[in-house]
>>> print(open('entry-v4.tsv').read())   # TSV, C-alpha atoms and all ligand atoms
chain	number	residue	atom	x	y	z
A	1	LYS	CA	-5.85	8.18	-8.79
A	2	THR	CA	-5.74	4.40	-8.66
A	3	VAL	CA	-3.52	2.64	-6.16
A	4	LEU	CA	-3.19	-1.13	-6.03
A	5	PHE	CA	-2.06	-3.03	-2.95
A	6	VAL	CA	-0.50	-6.42	-3.72
A	7	PHE	CA	0.33	-8.96	-1.01
A	8	GLY	CA	0.19	-12.64	-0.26
A	9	THR	CA	1.01	-13.58	3.34
A	10	ARG	CA	-0.33	-13.07	6.85
A	11	PRO	CA	2.26	-10.54	8.07
A	12	GLU	CA	1.84	-8.38	4.97
A	13	ALA	CA	-1.94	-8.38	5.44
A	14	ILE	CA	-1.63	-7.37	9.11
A	15	LYS	CA	0.77	-4.56	8.36
A	16	LEU	CA	-1.06	-3.30	5.25
A	17	ALA	CA	-4.57	-3.47	6.73
A	18	PRO	CA	-4.39	-0.09	8.50
A	19	VAL	CA	-2.90	1.54	5.40
A	20	ILE	CA	-5.61	0.11	3.14
A	21	LYS	CA	-8.27	1.40	5.54
A	22	TYR	CA	-6.87	4.92	5.35
A	23	PHE	CA	-6.70	4.88	1.57
A	24	LYS	CA	-10.20	3.43	1.23
A	25	LYS	CA	-11.63	6.23	3.36
A	26	ASP	CA	-10.08	8.88	1.11
A	27	SER	CA	-12.10	9.60	-2.04
A	28	TYR	CA	-9.04	11.06	-3.80
A	29	PHE	CA	-7.97	7.45	-4.38
A	30	ASP	CA	-9.53	4.50	-6.12
A	31	THR	CA	-8.03	1.85	-3.86
A	32	ARG	CA	-7.76	-1.72	-5.11
A	33	VAL	CA	-6.52	-4.84	-3.38
A	34	CYS	CA	-4.95	-7.82	-5.13
A	35	ILE	CA	-3.90	-10.87	-3.14
A	36	THR	CA	-1.59	-13.55	-4.44
A	37	ALA	CA	-2.50	-15.82	-1.51
A	38	GLN	CA	1.04	-17.10	-1.22
A	39	HIS	CA	-0.12	-18.49	2.18
A	40	ARG	CA	-3.85	-18.99	1.82
A	41	GLU	CA	-5.14	-20.23	5.22
A	42	MET	CA	-3.35	-17.75	7.40
A	43	LEU	CA	-4.05	-14.82	5.11
A	44	ASP	CA	-7.83	-15.19	4.97
A	45	GLN	CA	-8.27	-14.94	8.75
A	46	VAL	CA	-6.52	-11.58	8.76
A	47	LEU	CA	-8.59	-10.21	5.90
A	48	ASP	CA	-11.77	-11.23	7.72
A	49	PHE	CA	-10.70	-9.63	10.97
A	50	PHE	CA	-9.81	-6.32	9.36
A	51	GLU	CA	-12.83	-6.50	7.03
A	52	ILE	CA	-10.78	-6.19	3.87
A	53	GLU	CA	-12.16	-7.59	0.67
A	54	ALA	CA	-9.81	-8.39	-2.18
A	55	ASP	CA	-10.79	-7.03	-5.59
A	56	TYR	CA	-8.62	-9.61	-7.25
A	57	ASP	CA	-7.49	-12.98	-5.94
A	58	LEU	CA	-4.67	-14.72	-7.82
A	59	ASP	CA	-4.96	-17.78	-5.58
A	60	LEU	CA	-1.41	-18.94	-6.24
A	61	MET	CA	-1.00	-21.30	-3.29
A	62	LYS	CA	-0.13	-24.83	-4.39
A	63	LYS	CA	0.92	-27.84	-2.32
A	64	ASN	CA	4.72	-28.10	-1.98
A	65	GLN	CA	5.27	-24.97	-4.05
A	66	ASP	CA	8.87	-23.92	-4.43
A	67	LEU	CA	10.31	-20.49	-5.05
A	68	PHE	CA	10.87	-21.13	-8.76
A	69	SER	CA	7.27	-21.91	-9.56
A	70	LEU	CA	5.81	-19.37	-7.14
A	71	THR	CA	7.92	-16.58	-8.64
A	72	ALA	CA	7.17	-17.52	-12.23
A	73	ARG	CA	3.43	-17.99	-11.69
A	74	ALA	CA	3.08	-14.76	-9.73
A	75	LEU	CA	4.82	-12.67	-12.37
A	76	GLU	CA	2.67	-14.06	-15.15
A	77	ALA	CA	-0.55	-13.79	-13.15
A	78	LEU	CA	-0.01	-10.17	-12.10
A	79	LYS	CA	-0.25	-8.95	-15.68
A	80	GLU	CA	-4.04	-9.19	-15.67
A	81	PRO	CA	-4.89	-7.08	-12.57
A	82	LEU	CA	-2.27	-4.52	-13.59
A	83	SER	CA	-3.81	-4.08	-17.02
A	84	ARG	CA	-7.34	-4.11	-15.61
A	85	TYR	CA	-6.84	-1.43	-12.93
A	86	LYS	CA	-3.97	0.54	-14.52
A	87	PRO	CA	-2.74	1.80	-11.15
A	88	GLU	CA	-0.55	4.89	-10.89
A	89	LEU	CA	1.03	3.35	-7.81
A	90	VAL	CA	1.45	-0.23	-6.63
A	91	PHE	CA	2.04	-0.75	-2.92
A	92	VAL	CA	4.10	-3.70	-1.76
A	93	HIS	CA	5.29	-4.55	1.70
A	94	GLY	CA	8.50	-5.86	3.24
A	95	ASP	CA	10.33	-8.85	1.91
A	96	THR	CA	8.15	-11.62	0.56
A	97	THR	CA	8.41	-13.24	-2.84
A	98	THR	CA	5.08	-11.60	-3.67
A	99	SER	CA	6.53	-8.15	-2.89
A	100	MET	CA	9.59	-8.65	-5.03
A	101	VAL	CA	7.62	-10.05	-7.97
A	102	ALA	CA	4.83	-7.47	-7.72
A	103	SER	CA	7.39	-4.65	-7.82
A	104	LEU	CA	8.88	-6.09	-10.98
A	105	ALA	CA	5.46	-6.62	-12.54
A	106	ALA	CA	4.44	-3.05	-11.65
A	107	PHE	CA	7.64	-1.74	-13.23
A	108	TYR	CA	6.95	-3.72	-16.42
A	109	ALA	CA	3.44	-2.27	-16.46
A	110	GLY	CA	4.69	1.30	-16.09
A	111	ALA	CA	3.32	1.87	-12.57
A	112	ARG	CA	5.29	3.43	-9.78
A	113	VAL	CA	6.05	1.35	-6.71
A	114	GLY	CA	5.63	2.30	-3.04
A	115	HIS	CA	7.55	0.02	-0.69
A	116	ILE	CA	6.26	-0.08	2.88
A	117	GLU	CA	8.68	-1.27	5.57
A	118	ALA	CA	11.62	-0.41	3.33
A	119	GLY	CA	15.30	-0.46	4.26
A	120	LEU	CA	15.52	-3.43	6.62
A	121	ARG	CA	18.76	-5.31	6.10
A	122	THR	CA	20.93	-8.08	7.47
A	123	PHE	CA	23.37	-7.74	4.53
A	124	ASN	CA	23.55	-11.52	4.55
A	125	LYS	CA	22.04	-13.16	1.46
A	126	GLN	CA	21.40	-16.41	3.30
A	127	SER	CA	19.70	-14.97	6.35
A	128	PRO	CA	16.85	-14.57	6.14
A	129	PHE	CA	16.52	-16.58	2.93
A	130	PRO	CA	15.01	-15.55	0.56
A	131	GLU	CA	13.71	-12.42	2.28
A	132	GLU	CA	16.97	-10.44	2.33
A	133	ILE	CA	17.26	-10.62	-1.45
A	134	ASN	CA	13.53	-9.98	-1.88
A	135	ARG	CA	13.81	-6.74	0.04
A	136	GLN	CA	17.02	-5.61	-1.67
A	137	LEU	CA	15.53	-6.20	-5.12
A	138	THR	CA	12.32	-4.43	-4.14
A	139	THR	CA	14.39	-1.43	-3.07
A	140	ARG	CA	16.08	-1.31	-6.48
A	141	ILE	CA	12.70	-1.05	-8.19
A	142	ALA	CA	10.67	1.08	-5.77
A	143	ASP	CA	9.99	4.81	-6.30
A	144	PHE	CA	8.81	5.64	-2.77
A	145	HIS	CA	10.48	4.06	0.24
A	146	PHE	CA	8.53	4.14	3.50
A	147	ALA	CA	11.17	3.40	6.11
A	148	PRO	CA	9.99	2.49	9.60
A	149	THR	CA	13.01	3.92	11.45
A	150	LYS	CA	16.07	6.19	11.08
A	151	LYS	CA	18.22	3.10	10.86
A	152	SER	CA	16.29	1.73	7.87
A	153	LYS	CA	16.53	5.13	6.16
A	154	ALA	CA	20.30	5.09	6.71
A	155	ASN	CA	20.50	1.67	5.06
A	156	LEU	CA	18.71	3.03	2.00
A	157	LEU	CA	20.91	6.13	1.80
A	158	ALA	CA	23.98	3.88	1.93
A	159	GLU	CA	22.61	2.12	-1.17
A	160	ASN	CA	22.33	5.45	-3.02
A	161	ILE	CA	18.57	5.79	-2.79
A	162	GLN	CA	17.75	9.50	-3.11
A	163	GLU	CA	16.86	11.10	0.19
A	164	SER	CA	13.84	12.83	-1.38
A	165	GLN	CA	12.31	9.40	-2.05
A	166	ILE	CA	12.69	8.09	1.54
A	167	PHE	CA	10.10	8.80	4.24
A	168	ILE	CA	10.39	7.75	7.87
A	169	THR	CA	6.89	6.79	8.95
A	170	GLY	CA	7.21	4.31	11.83
A	171	ASN	CA	6.05	0.74	11.32
A	172	THR	CA	2.39	0.17	10.45
A	173	VAL	CA	2.50	-2.96	12.65
A	174	ILE	CA	2.02	-0.65	15.63
A	175	ASP	CA	-1.08	0.91	13.99
A	176	ALA	CA	-2.58	-2.58	13.62
A	177	LEU	CA	-1.54	-3.57	17.13
A	178	GLU	CA	-3.09	-0.54	18.80
A	179	GLU	CA	-6.41	-1.09	17.07
A	180	THR	CA	-6.39	-4.79	17.94
A	181	VAL	CA	-5.37	-4.48	21.60
A	182	ILE	CA	-8.41	-2.33	22.26
A	183	LYS	CA	-10.67	-4.95	20.68
A	184	VAL	CA	-9.14	-8.02	22.36
A	185	SER	CA	-8.92	-6.57	25.85
A	186	GLN	CA	-12.69	-6.90	26.11
A	187	GLN	CA	-12.94	-10.71	26.14
A	188	THR	CA	-11.00	-13.93	26.67
A	189	PRO	CA	-10.89	-16.02	23.48
A	190	HIS	CA	-12.31	-19.58	23.45
A	191	PHE	CA	-9.00	-21.28	22.72
A	192	ALA	CA	-7.64	-20.06	26.07
A	193	GLU	CA	-10.07	-22.28	27.99
A	194	LYS	CA	-8.43	-25.35	26.51
A	195	ILE	CA	-4.96	-24.45	27.78
A	196	PRO	CA	-4.40	-25.33	31.44
A	197	PHE	CA	-1.91	-22.59	32.23
A	198	SER	CA	-3.74	-20.99	35.19
A	199	SER	CA	-1.12	-19.31	37.35
A	200	LYS	CA	1.96	-20.39	35.40
A	201	LYS	CA	4.19	-18.02	33.48
A	202	ILE	CA	3.35	-18.28	29.82
A	203	ILE	CA	6.20	-18.39	27.34
A	204	LEU	CA	4.81	-17.76	23.88
A	205	ILE	CA	6.77	-19.36	21.04
A	206	THR	CA	6.68	-19.04	17.26
A	207	GLY	CA	9.13	-20.18	14.59
A	208	HIS	CA	9.08	-20.56	10.85
A	209	ARG	CA	12.28	-19.24	9.26
A	210	ARG	CA	13.58	-21.38	6.43
A	211	GLU	CA	17.16	-20.97	7.64
A	212	ASN	CA	16.21	-22.82	10.88
A	213	PHE	CA	14.56	-25.79	9.16
A	214	GLY	CA	16.19	-29.10	10.07
A	215	ALA	CA	19.02	-29.16	12.61
A	216	GLY	CA	18.43	-25.61	13.92
A	217	MET	CA	14.75	-26.21	14.60
A	218	GLN	CA	15.57	-29.52	16.29
A	219	ARG	CA	18.11	-27.92	18.63
A	220	ILE	CA	15.71	-25.14	19.53
A	221	CYS	CA	12.89	-27.58	20.29
A	222	GLU	CA	15.19	-29.74	22.44
A	223	VAL	CA	15.91	-26.67	24.57
A	224	PHE	CA	12.17	-25.98	24.95
A	225	LYS	CA	11.66	-29.60	26.01
A	226	GLU	CA	14.39	-29.33	28.63
A	227	ILE	CA	12.99	-26.08	30.00
A	228	ALA	CA	9.43	-27.48	30.15
A	229	GLU	CA	10.61	-30.57	31.99
A	230	MET	CA	12.77	-28.77	34.52
A	231	ARG	CA	10.41	-25.85	35.19
A	232	GLN	CA	6.91	-26.63	36.38
A	233	ASP	CA	6.29	-22.90	36.92
A	234	VAL	CA	6.12	-22.23	33.17
A	235	HIS	CA	3.69	-23.15	30.41
A	236	LEU	CA	4.88	-23.04	26.82
A	237	VAL	CA	2.26	-22.02	24.28
A	238	TYR	CA	3.36	-22.72	20.73
A	239	PRO	CA	1.07	-21.92	17.77
A	240	VAL	CA	2.79	-24.11	15.20
A	241	HIS	CA	3.26	-22.79	11.66
A	242	LEU	CA	1.55	-24.93	9.00
A	243	ASN	CA	4.71	-25.53	6.98
A	244	PRO	CA	5.44	-29.30	7.31
A	245	ASN	CA	9.14	-28.57	7.87
A	246	VAL	CA	8.12	-26.80	11.06
A	247	LYS	CA	5.13	-28.88	12.08
A	248	ASN	CA	6.76	-32.30	11.93
A	249	THR	CA	9.84	-31.39	13.95
A	250	VAL	CA	7.90	-29.48	16.59
A	251	HIS	CA	5.35	-32.24	17.16
A	252	GLU	CA	8.01	-34.94	17.22
A	253	ILE	CA	10.01	-33.27	19.97
A	254	LEU	CA	7.43	-31.33	21.95
A	255	GLY	CA	4.30	-33.46	21.59
A	256	ASN	CA	2.73	-34.88	24.78
A	257	ILE	CA	4.41	-32.70	27.38
A	258	ALA	CA	1.94	-31.52	30.02
A	259	ASN	CA	3.11	-27.93	30.22
A	260	VAL	CA	3.54	-27.47	26.47
A	261	SER	CA	0.50	-26.57	24.35
A	262	LEU	CA	1.08	-27.11	20.65
A	263	ILE	CA	-1.78	-25.39	18.92
A	264	GLU	CA	-2.81	-24.40	15.40
A	265	PRO	CA	-1.73	-20.93	14.25
A	266	LEU	CA	-3.98	-18.46	16.02
A	267	ASN	CA	-5.97	-15.83	14.29
A	268	TYR	CA	-4.41	-12.41	14.73
A	269	PRO	CA	-6.55	-11.04	17.60
A	270	ASP	CA	-6.15	-14.30	19.58
A	271	PHE	CA	-2.43	-14.17	19.01
A	272	ILE	CA	-2.28	-10.63	20.33
A	273	TRP	CA	-4.37	-11.71	23.32
A	274	ILE	CA	-1.98	-14.53	24.23
A	275	MET	CA	1.03	-12.27	23.69
A	276	HIS	CA	-0.53	-9.79	26.07
A	277	ALA	CA	-1.07	-12.59	28.61
A	278	SER	CA	2.45	-14.00	28.24
A	279	TYR	CA	5.50	-13.46	30.42
A	280	PHE	CA	7.85	-13.28	27.48
A	281	VAL	CA	8.15	-14.37	23.85
A	282	ILE	CA	10.60	-16.56	21.93
A	283	THR	CA	10.43	-16.18	18.17
A	284	ASP	CA	12.20	-15.97	14.84
A	285	SER	CA	9.38	-13.89	13.37
A	286	GLY	CA	9.98	-10.36	12.23
A	287	GLY	CA	6.56	-8.94	13.07
A	288	VAL	CA	6.52	-10.47	16.53
A	289	GLN	CA	9.85	-8.77	17.30
A	290	GLU	CA	8.13	-5.47	16.62
A	291	GLU	CA	4.82	-6.17	18.35
A	292	ALA	CA	6.05	-7.66	21.62
A	293	PRO	CA	8.04	-4.55	22.64
A	294	GLY	CA	4.84	-2.59	21.90
A	295	LEU	CA	3.18	-4.66	24.65
A	296	GLY	CA	6.16	-4.47	27.03
A	297	LYS	CA	7.08	-8.14	26.54
A	298	PRO	CA	10.75	-9.21	26.38
A	299	VAL	CA	11.68	-11.14	23.24
A	300	LEU	CA	14.35	-13.78	22.68
A	301	VAL	CA	15.10	-14.20	18.99
A	302	THR	CA	16.15	-17.65	17.79
A	303	ARG	CA	18.39	-16.30	15.05
A	304	ASP	CA	21.97	-15.10	14.85
A	305	THR	CA	21.17	-11.91	12.96
A	306	THR	CA	18.21	-9.57	12.79
A	307	GLU	CA	17.18	-6.87	10.36
A	308	ARG	CA	15.50	-5.22	13.33
A	309	PRO	CA	18.46	-4.11	15.47
A	310	GLU	CA	16.57	-1.12	16.88
A	311	ALA	CA	14.86	-3.19	19.56
A	312	VAL	CA	18.12	-4.96	20.42
A	313	THR	CA	19.71	-1.54	20.98
A	314	ALA	CA	16.67	-0.34	22.93
A	315	GLY	CA	17.00	-3.44	25.14
A	316	THR	CA	13.64	-5.16	24.58
A	317	VAL	CA	14.95	-7.87	22.24
A	318	LYS	CA	17.90	-10.21	22.67
A	319	LEU	CA	19.47	-12.36	19.95
A	320	ALA	CA	19.57	-15.76	21.60
A	321	GLY	CA	20.65	-17.62	18.44
A	322	THR	CA	20.14	-21.32	17.86
A	323	ASN	CA	22.98	-22.51	20.04
A	324	SER	CA	21.47	-24.66	22.79
A	325	ILE	CA	23.57	-23.38	25.69
A	326	LYS	CA	23.09	-19.71	24.82
A	327	LEU	CA	19.35	-20.09	24.27
A	328	LYS	CA	18.80	-22.00	27.49
A	329	SER	CA	20.74	-19.50	29.57
A	330	ALA	CA	18.84	-16.58	28.01
A	331	ILE	CA	15.53	-18.25	28.96
A	332	LEU	CA	16.68	-19.00	32.51
A	333	GLU	CA	17.96	-15.45	32.92
A	334	LEU	CA	14.52	-14.05	32.12
A	335	LEU	CA	12.84	-16.54	34.45
A	336	ASP	CA	15.20	-16.18	37.39
A	337	GLN	CA	16.56	-12.65	37.33
A	338	PRO	CA	13.82	-10.11	37.97
A	339	GLU	CA	16.13	-7.17	37.25
A	340	ALA	CA	17.04	-8.51	33.81
A	341	TYR	CA	13.35	-9.15	33.12
A	342	LYS	CA	12.36	-5.69	34.25
A	343	ALA	CA	15.02	-3.98	32.15
A	344	MET	CA	13.78	-5.74	29.01
A	345	SER	CA	10.09	-5.24	29.63
A	346	LYS	CA	10.41	-1.55	30.48
A	347	ALA	CA	12.61	-0.59	27.52
A	348	HIS	CA	11.30	1.78	24.88
A	349	ASN	CA	9.52	0.44	21.75
A	350	PRO	CA	11.38	1.92	18.77
A	351	TYR	CA	8.89	0.96	16.05
A	352	GLY	CA	6.44	3.78	15.96
A	353	ASP	CA	3.56	5.67	17.46
A	354	GLY	CA	0.59	4.10	15.63
A	355	LYS	CA	0.41	6.90	13.04
A	356	ALA	CA	2.46	5.38	10.23
A	357	SER	CA	-0.54	4.73	7.95
A	358	ALA	CA	-1.78	8.31	8.21
A	359	ARG	CA	1.70	9.55	7.31
A	360	ILE	CA	1.88	7.27	4.25
A	361	LEU	CA	-1.49	8.55	3.02
A	362	ASP	CA	-0.40	12.20	3.44
A	363	ILE	CA	2.88	11.66	1.63
A	364	VAL	CA	1.34	9.81	-1.32
A	365	LYS	CA	-1.35	12.45	-1.68
A	366	LYS	CA	1.29	15.12	-2.05
A	367	LYS	CA	3.49	13.11	-4.40
A	368	LEU	CA	1.04	11.45	-6.77
B	401	LIG	N1	0.65	-14.13	14.11
B	401	LIG	C1	-0.68	-14.57	14.12
B	401	LIG	N2	-0.93	-15.84	14.58
B	401	LIG	C2	0.04	-16.70	14.99
B	401	LIG	C3	1.40	-16.24	14.95
B	401	LIG	C4	1.66	-14.95	14.51
B	401	LIG	O1	-1.60	-13.84	13.75
B	401	LIG	O2	-0.27	-17.83	15.37
B	401	LIG	C5	0.91	-12.77	13.61
B	401	LIG	C6	1.79	-11.91	14.49
B	401	LIG	O3	1.00	-11.14	15.36
B	401	LIG	C7	2.54	-11.03	13.50
B	401	LIG	C8	2.58	-11.84	12.24
B	401	LIG	O4	1.63	-12.89	12.40
B	401	LIG	O5	1.85	-9.83	13.22
B	401	LIG	C9	3.94	-12.40	12.01
B	401	LIG	O6	3.90	-13.27	10.96
B	401	LIG	P1	5.06	-14.30	10.66
B	401	LIG	O7	5.75	-14.65	11.90
B	401	LIG	O8	4.41	-15.39	9.87
B	401	LIG	O9	6.00	-13.54	9.63
B	401	LIG	P2	7.18	-12.47	9.76
B	401	LIG	O10	6.73	-11.35	10.61
B	401	LIG	O11	8.37	-13.18	10.28
B	401	LIG	O12	7.39	-12.02	8.35
>>> encode(input="entry-v4.tsv", output="structure tokens")
Amino acid sequence: KTVLFVFGTRPEAIKLAPVIKYFKKDSYFDTRVCITAQHREMLDQVLDFFEIEADYDLDLMKKNQDLFSLTARALEALKEPLSRYKPELVFVHGDTTTSMVASLAAFYAGARVGHIEAGLRTFNKQSPFPEEINRQLTTRIADFHFAPTKKSKANLLAENIQESQIFITGNTVIDALEETVIKVSQQTPHFAEKIPFSSKKIILITGHRRENFGAGMQRICEVFKEIAEMRQDVHLVYPVHLNPNVKNTVHEILGNIANVSLIEPLNYPDFIWIMHASYFVITDSGGVQEEAPGLGKPVLVTRDTTERPEAVTAGTVKLAGTNSIKLKSAILELLDQPEAYKAMSKAHNPYGDGKASARILDIVKKKL
């Protein structure tokens, strides 16, 4: 049976890599990989690290691409790999434009669709934009829904998805993380030598959500600047996303501060290394909200909503929002109140046991 994995961004590649490995090892399946390369630079590093070779590369990345042209070009371009491989099942992941378009293309081509990391919701069309609509539309089309948690299954049931088509598997991000932590614990990466953090507490920061572009991103960066200037016991490490909307604001406000390192996006194993070495994490990323609790690191989320409430309930993640006062006090609480820090770092990680990919393989084998 032929299965085709279609994806285009770094987080999809990280979370699909362990699943692809399982399918490739199983001779029951002819496993094919098609990348849209929605985000070229950051995607390739991940493929190299996990030793995944794409059978088909649509190479859609264009300078200043907008959602209209990306969506249209992806739909058109997917026709060719779908007719070449004639997959019984197309796997998509999460909430990207690639996932939504690939589901539609697979449906047009008569293939069934398996949606990994299904059922995450904010129920707010604008946040995250456009991901919330991407994931809702993918749900409408998909035939198999691999939900990471009970909560995500409940969201799908509430939208009238048949229970027999929903499978709770855990999140494959933990499978990737476990494999990577073992590899990175053996050596210190080169980039670390360039960052003079020595005995300081490292706060690891990432941010790239469209909804924060502009005023939100500015407010958040001003808070980081204030914290860096008032606290010489911390070092902020910020791998800055390549999107110019992020890059320009971050460098304008946080450039040239001694205890702030603005660096290029790290490759995945280096990022996991620095997360492991950090005191806590501030992010608007989805994947990082799932990984950090897996490493016992508290997370402050610079958003007002999250489609990952499980970790908020478990106590490892706090929604700090983009309001300056709230964000600053959440950071100072973690720095100054050991009990609050301990409670967050010791809480349970609700995202899985590292066996999600094996479960997905078993289920598909029975169903296809
Ligand atoms: N990540 C990485 N290098 C970085 C920042 C993040 O490899 O410099 C990884 C991180 O470990 C996580 C994923 O990228 O697995 C998250 O991607 P992103 O924040 O772009 O997207 P989201 O998870 O919000 O969809």
>>> atom_distance(input="entry-v4.tsv", atom1="atom CA of Ser127 of chain A", atom2="atom CA of Ile282 of chain A")
18.1 Å
>>> closest_residue(input="entry-v4.tsv", among="A:Leu242, A:Ile202, A:Ala54, A:Ala311", to="Asn259 of chain A", atoms="all atoms listed in the file")
A:Ile202
>>> residues_near_ligand(input="entry-v4.tsv", ligand="ligand LIG 401 (chain B)", cutoff="9 Å", atoms="all atoms listed in the file", output="PyMOL selection string")
chain A and resi 9-15+42+45-46+94-96+131+173+176-177+205-209+238-241+263-272+275+283-292
>>> residues_around(input="entry-v4.tsv", residues="Leu254 of chain A", least_positions_apart="3", cutoff="10 Å", atoms="all atoms listed in the file", output="ChimeraX atom specification")
/A:221-222,224-226,228,236,238,249-251,257-262
>>> write_last_selection(input="entry-v4.tsv", atoms="C-alpha atoms", output="PDB file, in the coordinates of the input")
ATOM      1  CA  CYS A 221      12.890 -27.580  20.290  1.00  0.00           C
ATOM      2  CA  GLU A 222      15.190 -29.740  22.440  1.00  0.00           C
ATOM      3  CA  PHE A 224      12.170 -25.980  24.950  1.00  0.00           C
ATOM      4  CA  LYS A 225      11.660 -29.600  26.010  1.00  0.00           C
ATOM      5  CA  GLU A 226      14.390 -29.330  28.630  1.00  0.00           C
ATOM      6  CA  ALA A 228       9.430 -27.480  30.150  1.00  0.00           C
ATOM      7  CA  LEU A 236       4.880 -23.040  26.820  1.00  0.00           C
ATOM      8  CA  TYR A 238       3.360 -22.720  20.730  1.00  0.00           C
ATOM      9  CA  THR A 249       9.840 -31.390  13.950  1.00  0.00           C
ATOM     10  CA  VAL A 250       7.900 -29.480  16.590  1.00  0.00           C
ATOM     11  CA  HIS A 251       5.350 -32.240  17.160  1.00  0.00           C
ATOM     12  CA  ILE A 257       4.410 -32.700  27.380  1.00  0.00           C
ATOM     13  CA  ALA A 258       1.940 -31.520  30.020  1.00  0.00           C
ATOM     14  CA  ASN A 259       3.110 -27.930  30.220  1.00  0.00           C
ATOM     15  CA  VAL A 260       3.540 -27.470  26.470  1.00  0.00           C
ATOM     16  CA  SER A 261       0.500 -26.570  24.350  1.00  0.00           C
ATOM     17  CA  LEU A 262       1.080 -27.110  20.650  1.00  0.00           C
TER      18      LEU A 262
END
>>> residues_around(input="entry-v4.tsv", residues="Ala111 of chain A", least_positions_apart="6", cutoff="10 Å", atoms="all atoms listed in the file", output="CSV table (one decimal) with C-alpha atoms, in the coordinates of the input")
chain,number,residue,atom,x,y,z
A,3,VAL,CA,-3.5,2.6,-6.2
A,4,LEU,CA,-3.2,-1.1,-6.0
A,82,LEU,CA,-2.3,-4.5,-13.6
A,86,LYS,CA,-4.0,0.5,-14.5
A,87,PRO,CA,-2.7,1.8,-11.2
A,88,GLU,CA,-0.6,4.9,-10.9
A,89,LEU,CA,1.0,3.4,-7.8
A,90,VAL,CA,1.4,-0.2,-6.6
A,103,SER,CA,7.4,-4.6,-7.8
A,104,LEU,CA,8.9,-6.1,-11.0
A,105,ALA,CA,5.5,-6.6,-12.5
A,143,ASP,CA,10.0,4.8,-6.3
>>> atom_distance(input="entry-v4.tsv", atom1="atom CA of Lys79 of chain A", atom2="atom CA of Gly114 of chain A")
17.9 Å
>>> closest_residue(input="entry-v4.tsv", among="A:Gln218, A:Gln65, A:Ser345, A:Thr169", to="Lys150 of chain A", atoms="all atoms listed in the file")
A:Thr169
>>> closest_residue(input="entry-v4.tsv", among="A:Gln165, A:Met100, A:Ala358, A:Ala154", to="Gly119 of chain A", atoms="all atoms listed in the file")
A:Ala154
>>> residues_around(input="entry-v4.tsv", residues="Phe167 of chain A", least_positions_apart="3", cutoff="9 Å", atoms="all atoms listed in the file", output="ChimeraX atom specification")
/A:144-148,153,163-164,359-360,363
>>> closest_residue(input="entry-v4.tsv", among="A:Thr2, A:Thr36, A:Gln186, A:Gln232", to="Leu335 of chain A", atoms="all atoms listed in the file")
A:Gln232
>>> closest_residue(input="entry-v4.tsv", among="A:Phe91, A:Trp273, A:Phe5, A:Phe68", to="Glu53 of chain A", atoms="all atoms listed in the file")
A:Phe5
>>> residues_around(input="entry-v4.tsv", residues="Ala340 of chain A", least_positions_apart="4", cutoff="12 Å", atoms="all atoms listed in the file", output="PyMOL selection string")
chain A and resi 298+315-318+330-336+344-347
>>> atom_distance(input="entry-v4.tsv", atom1="atom CA of Leu120 of chain A", atom2="atom CA of Asn171 of chain A")
11.4 Å
>>> residues_around(input="entry-v4.tsv", residues="Pro81 of chain A", least_positions_apart="4", cutoff="10 Å", atoms="all atoms listed in the file", output="list in words")
Leu4, Val6, Arg32, Val33, Cys34, Asp55, Tyr56, Asp57, Leu58, Ala77, Tyr85, Lys86 and Pro87 of chain A
>>> closest_residue(input="entry-v4.tsv", among="A:Ile52, A:Val237, A:Val101, A:Ile253", to="Ala72 of chain A", atoms="all atoms listed in the file")
A:Val101
>>> residues_near_point(input="entry-v4.tsv", point="(21.5, -27.7, 23.1)", cutoff="6 Å", atoms="all atoms listed in the file", output="JSON, numbers by chain")
{"A": [219, 223, 324, 325]}
>>> axis_aligned_box(input="entry-v4.tsv", around="segment 117-128 of chain A", padding_each_side="8 Å", output="AutoDock Vina command-line options")
--center_x 16.1 --center_y -8.4 --center_z 4.5 --size_x 30.9 --size_y 32.0 --size_z 22.0
